[in-house]
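Enquirer: Sharing a structure below in structure tokens format, with a few things to ask.
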Amino acid sequence: MKKSNPATRRKPATRRRTAYSRAELEEIFRRFSIQRPEPKGELEHVNPFTLVVAVALSAQATDAGVNKATRALFKVADTPEKMLALGEENVREYIKTIGLFRNKAKNVIALSQKLVDDFGSEVPRTREELVTLPGVGRKTANVVMSMAFGIPTMAVDTHILRIGNRIKLAPGKTPDEIEEILMRIIPDEYLFHAHHWLILHGRYCCKARRPECEKCVIADLCKSPEKTCDVPAPLVELPPQVFNATEE
């Protein structure tokens with residue numbers, strides 16, 4: 001029997017790791033949970049179908065801008081059948097204030113048709129099925145799974161991409177790499193709201209141009225070489241802040 005050459009034997013892939021211990025991770029997300037117990041998304045919707053449409057429309061647009069356009073749209077078309085009856089030209093009229101509205105109108109009609117044809121007009125609950133809908137990518141699917149069905153996911157936006165690397169929470173080059181690490185290391189009891197907390201932390205505290213370390217509740221735990229403060233901010237519940245779940 002021919003023995004394999006150790007020099008040519010494939011080594012198992014090394015799993016990327018966080019710089020934090022399990023105890024530190026527990027403490028980080030415990031503090032986030034006290035600071036923002038119930039983070040809320042900004043996108044307005046009335047059911048899983050309107051959420052899918054809203055999230056698809058929000059690519060390269062603000063949630064506020066999408067809401068302004070979809071309030072009237074969803075009053076007349078809150079099911080795939082009603083959207084198809086409305087037609088692409090009329091959908092364009094409703095969403096013409098949103099960037100890339102022509103292509104997005106095509107996708108809304110196409111995803112509505114696919115829901116009718118392949119899913120009995122029901123929005124699927126799995127990522128694998130969601131990403132088959134026109135205009136729906138992995139991040140959009142994660143948002144829908146979380147907001148519509150309460151399934152813990154990690155929709156990695158620019159804030160989470162930045163934080164993952166800056167504070168060495170989940171070092172990675174791509175959103176998929178960072179998503180895999182975060183889904184693996186975040187304690188189960190905190191996973192459902194974790195991506196909301198990280199988005200809000202990146203938007204209001206660990207900002208892109210200048211992190212406001214003096215406002216950070218995890219300053220003592222943070223392992224970023226950029227940090228300017230080691231004393232954590234007082235741990236108090238903040239006023240409600242909405243998050244743009246699809247921000248690029």
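Residue numbers start at 1 in each chain; chains themselves are named A, B, ... in the order of the structure tokens; ligands are numbered from 1 in the order shown.
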Could you give me, as a tab-separated table, every segment 121-179 of chain A residue with an atom at most 12 Å from segment 71-91 of chain A, plus its closest atom pair and distance in Å to one decimal, counting only C-alpha atoms, rows ordered by chain then number?

Expert:
residue	atom	partner	partner_atom	distance
A:Ser121	CA	A:Pro80	CA	6.3
A:Glu122	CA	A:Pro80	CA	8.6
A:Val123	CA	A:Pro80	CA	9.6

Enquirer: Please write the residues from the selection above to a file, keeping C-alpha atoms, as a PDB file, in the first residue's frame.

Expert:
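So result-v4.pdb came out as:
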ATOM      1  CA  SER A 121     -47.054  33.409  -2.918  1.00  0.00           C
ATOM      2  CA  GLU A 122     -45.306  32.905   0.446  1.00  0.00           C
ATOM      3  CA  VAL A 123     -41.906  34.375   1.274  1.00  0.00           C
TER       4      VAL A 123
END

Enquirer: Phe29 of chain A: which residues within 12 Å, counting only C-alpha atoms, same-chain residues fewer than 6 positions away excluded, as a list in words?

Expert: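 So, after excluding close chain neighbours, the residues are Tyr20, Arg22, Ala23, Gln35, Arg36, Pro37, Leu169, Leu182, Ile185, Ile186, Pro187, Asp188, Glu189, Tyr190, Leu191, Phe192, His193, Ala194, His195, His196, Trp197, Leu198, His201, Val217, Ile218 and Leu221 of chain A.
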
Enquirer: Take the residues that were just selected and, keeping N, CA, C and O atoms, output them as a short mmCIF file (atom, residue, chain, number, x, y, z; two decimals), in the first residue's frame.

Expert:
data_model
loop_
_atom_site.label_atom_id
_atom_site.label_comp_id
_atom_site.auth_asym_id
_atom_site.auth_seq_id
_atom_site.Cartn_x
_atom_site.Cartn_y
_atom_site.Cartn_z
N TYR A 20 -10.81 37.86 21.26
CA TYR A 20 -11.46 37.92 22.57
C TYR A 20 -11.75 36.54 23.13
O TYR A 20 -12.08 35.61 22.40
N ARG A 22 -13.97 33.87 25.53
CA ARG A 22 -15.42 33.65 25.65
C ARG A 22 -16.01 34.57 26.74
O ARG A 22 -17.09 35.12 26.57
N ALA A 23 -15.28 34.73 27.83
CA ALA A 23 -15.77 35.60 28.91
C ALA A 23 -15.85 37.05 28.44
O ALA A 23 -16.80 37.77 28.79
N GLN A 35 -27.39 48.52 27.09
CA GLN A 35 -27.38 49.83 26.44
C GLN A 35 -28.56 49.99 25.48
O GLN A 35 -29.19 51.06 25.42
N ARG A 36 -28.87 48.94 24.72
CA ARG A 36 -29.96 49.00 23.74
C ARG A 36 -30.75 47.68 23.80
O ARG A 36 -30.53 46.78 22.99
N PRO A 37 -31.68 47.55 24.74
CA PRO A 37 -32.38 46.27 24.95
C PRO A 37 -33.19 45.81 23.74
O PRO A 37 -33.23 44.61 23.46
N LEU A 169 -12.59 41.93 16.55
CA LEU A 169 -13.66 41.05 16.97
C LEU A 169 -13.82 39.89 16.00
O LEU A 169 -14.00 38.74 16.40
N LEU A 182 -18.50 35.79 13.29
CA LEU A 182 -19.45 36.33 14.27
C LEU A 182 -20.53 35.32 14.63
O LEU A 182 -20.89 35.17 15.81
N ILE A 185 -18.88 32.92 17.14
CA ILE A 185 -18.33 33.35 18.44
C ILE A 185 -19.33 34.07 19.34
O ILE A 185 -19.15 34.10 20.56
N ILE A 186 -20.38 34.65 18.77
CA ILE A 186 -21.32 35.41 19.60
C ILE A 186 -22.15 34.44 20.44
O ILE A 186 -22.71 33.48 19.93
N PRO A 187 -22.23 34.70 21.74
CA PRO A 187 -23.02 33.81 22.62
C PRO A 187 -24.47 33.70 22.12
O PRO A 187 -25.07 34.69 21.70
N ASP A 188 -25.01 32.51 22.19
CA ASP A 188 -26.34 32.24 21.64
C ASP A 188 -27.40 33.19 22.17
O ASP A 188 -28.28 33.63 21.42
N GLU A 189 -27.35 33.50 23.44
CA GLU A 189 -28.41 34.32 24.03
C GLU A 189 -28.42 35.76 23.52
O GLU A 189 -29.40 36.49 23.70
N TYR A 190 -27.33 36.17 22.87
CA TYR A 190 -27.23 37.54 22.35
C TYR A 190 -27.28 37.61 20.83
O TYR A 190 -27.25 38.70 20.25
N LEU A 191 -27.36 36.47 20.17
CA LEU A 191 -27.18 36.44 18.72
C LEU A 191 -28.29 37.17 17.96
O LEU A 191 -28.01 37.81 16.94
N PHE A 192 -29.53 37.08 18.42
CA PHE A 192 -30.63 37.64 17.66
C PHE A 192 -30.45 39.14 17.41
O PHE A 192 -30.66 39.64 16.30
N HIS A 193 -30.05 39.91 18.42
CA HIS A 193 -29.90 41.37 18.28
C HIS A 193 -28.47 41.79 17.96
O HIS A 193 -28.21 42.98 17.81
N ALA A 194 -27.55 40.85 17.89
CA ALA A 194 -26.12 41.20 17.79
C ALA A 194 -25.81 42.09 16.59
O ALA A 194 -25.06 43.06 16.72
N HIS A 195 -26.36 41.78 15.42
CA HIS A 195 -25.99 42.60 14.26
C HIS A 195 -26.59 43.99 14.39
O HIS A 195 -26.00 44.98 13.94
N HIS A 196 -27.75 44.13 15.05
CA HIS A 196 -28.31 45.45 15.29
C HIS A 196 -27.39 46.26 16.21
O HIS A 196 -27.11 47.44 15.96
N TRP A 197 -26.94 45.63 17.29
CA TRP A 197 -26.06 46.32 18.23
C TRP A 197 -24.76 46.76 17.56
O TRP A 197 -24.29 47.88 17.79
N LEU A 198 -24.19 45.90 16.74
CA LEU A 198 -22.92 46.25 16.10
C LEU A 198 -23.10 47.38 15.09
O LEU A 198 -22.23 48.26 14.97
N HIS A 201 -23.50 50.53 17.15
CA HIS A 201 -22.22 50.87 17.77
C HIS A 201 -21.29 51.52 16.74
O HIS A 201 -20.60 52.49 17.05
N VAL A 217 -18.85 51.83 25.70
CA VAL A 217 -19.10 51.04 26.92
C VAL A 217 -18.19 49.82 27.00
O VAL A 217 -18.18 49.13 28.03
N ILE A 218 -17.44 49.54 25.95
CA ILE A 218 -16.51 48.40 25.98
C ILE A 218 -15.07 48.86 25.82
O ILE A 218 -14.20 48.10 25.41
N LEU A 221 -12.40 46.72 27.30
CA LEU A 221 -12.24 45.41 26.68
C LEU A 221 -11.69 45.48 25.26
O LEU A 221 -11.11 44.51 24.76
#

Enquirer: Would you kindly return, as a VMD selection string, each protein, DNA or RNA residue with an atom no farther than 12 Å from any atom of Lys104 of chain A, considering only C-alpha atoms and excluding same-chain residues fewer than 5 positions away?

Expert: chain A and resid 53 to 61 66 88 to 89 91 to 99 109 to 111 134 to 136

Enquirer: Using only C-alpha atoms, can you tell me which of A:Val46, A:Gly150, A:Asn103, A:Glu212 comes closest to Thr126 of chain A?

Expert: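 Of A:Val46, A:Gly150, A:Asn103, A:Glu212, the one nearest Thr126 of chain A is A:Gly150, counting only C-alpha atoms.
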
Enquirer: Using the chain letters and numbers from this document, which residues of segment 61-191 of chain A does DSSP assign to alpha helix (DSSP H), as a ChimeraX atom specification?

Expert: /A:63-76,80-86,88-95,101-119,127-130,138-149,158-166,175-185,191

Enquirer: With a distance cut-off of 10 Å and only C-alpha atoms, select the neighbouring residues of segment 204-206 of chain A, excluding the residue or stretch itself and same-chain residues fewer than 2 positions from it, and output the selection as a list in words.

Expert: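 So, after excluding close chain neighbours, the residues are His159, Arg162, Ile163, Arg166, Ile167, Leu198, Ile199, Leu200, His201, Gly202, Ala208, Arg209, Arg210, Pro211, Glu212, Cys213, Glu214, Lys215, Cys216, Val217, Lys227 and Gln241 of chain A.
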
Enquirer: Compile the contact shell of Ile34 of chain A as a list of chain:residue names: residues with an atom at most 8 Å away, counting only C-alpha atoms, same-chain residues fewer than 2 positions apart removed.

Expert: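 What passes the distance filter is A:Arg30, A:Arg31, A:Phe32, A:Arg36, A:Pro37, A:Leu235, A:Val236, A:Glu237.
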
Enquirer: For each of A:Asn142, A:Ser224, A:Thr62, A:Thr132, take the minimum atom-to-atom distance to Lys168 of chain A, counting only C-alpha atoms, then give the residue where this is smallest.

Expert: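 Of A:Asn142, A:Ser224, A:Thr62, A:Thr132, the one nearest Lys168 of chain A, counting only C-alpha atoms, is A:Ser224.
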
Enquirer: Between atom CA of Leu43 of chain A and atom CA of Leu25 of chain A, what is the spacing in Å?

Expert: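 Taking atom CA of Leu25 of chain A as the start and atom CA of Leu43 of chain A as the end point, the length is 29.1 Å.
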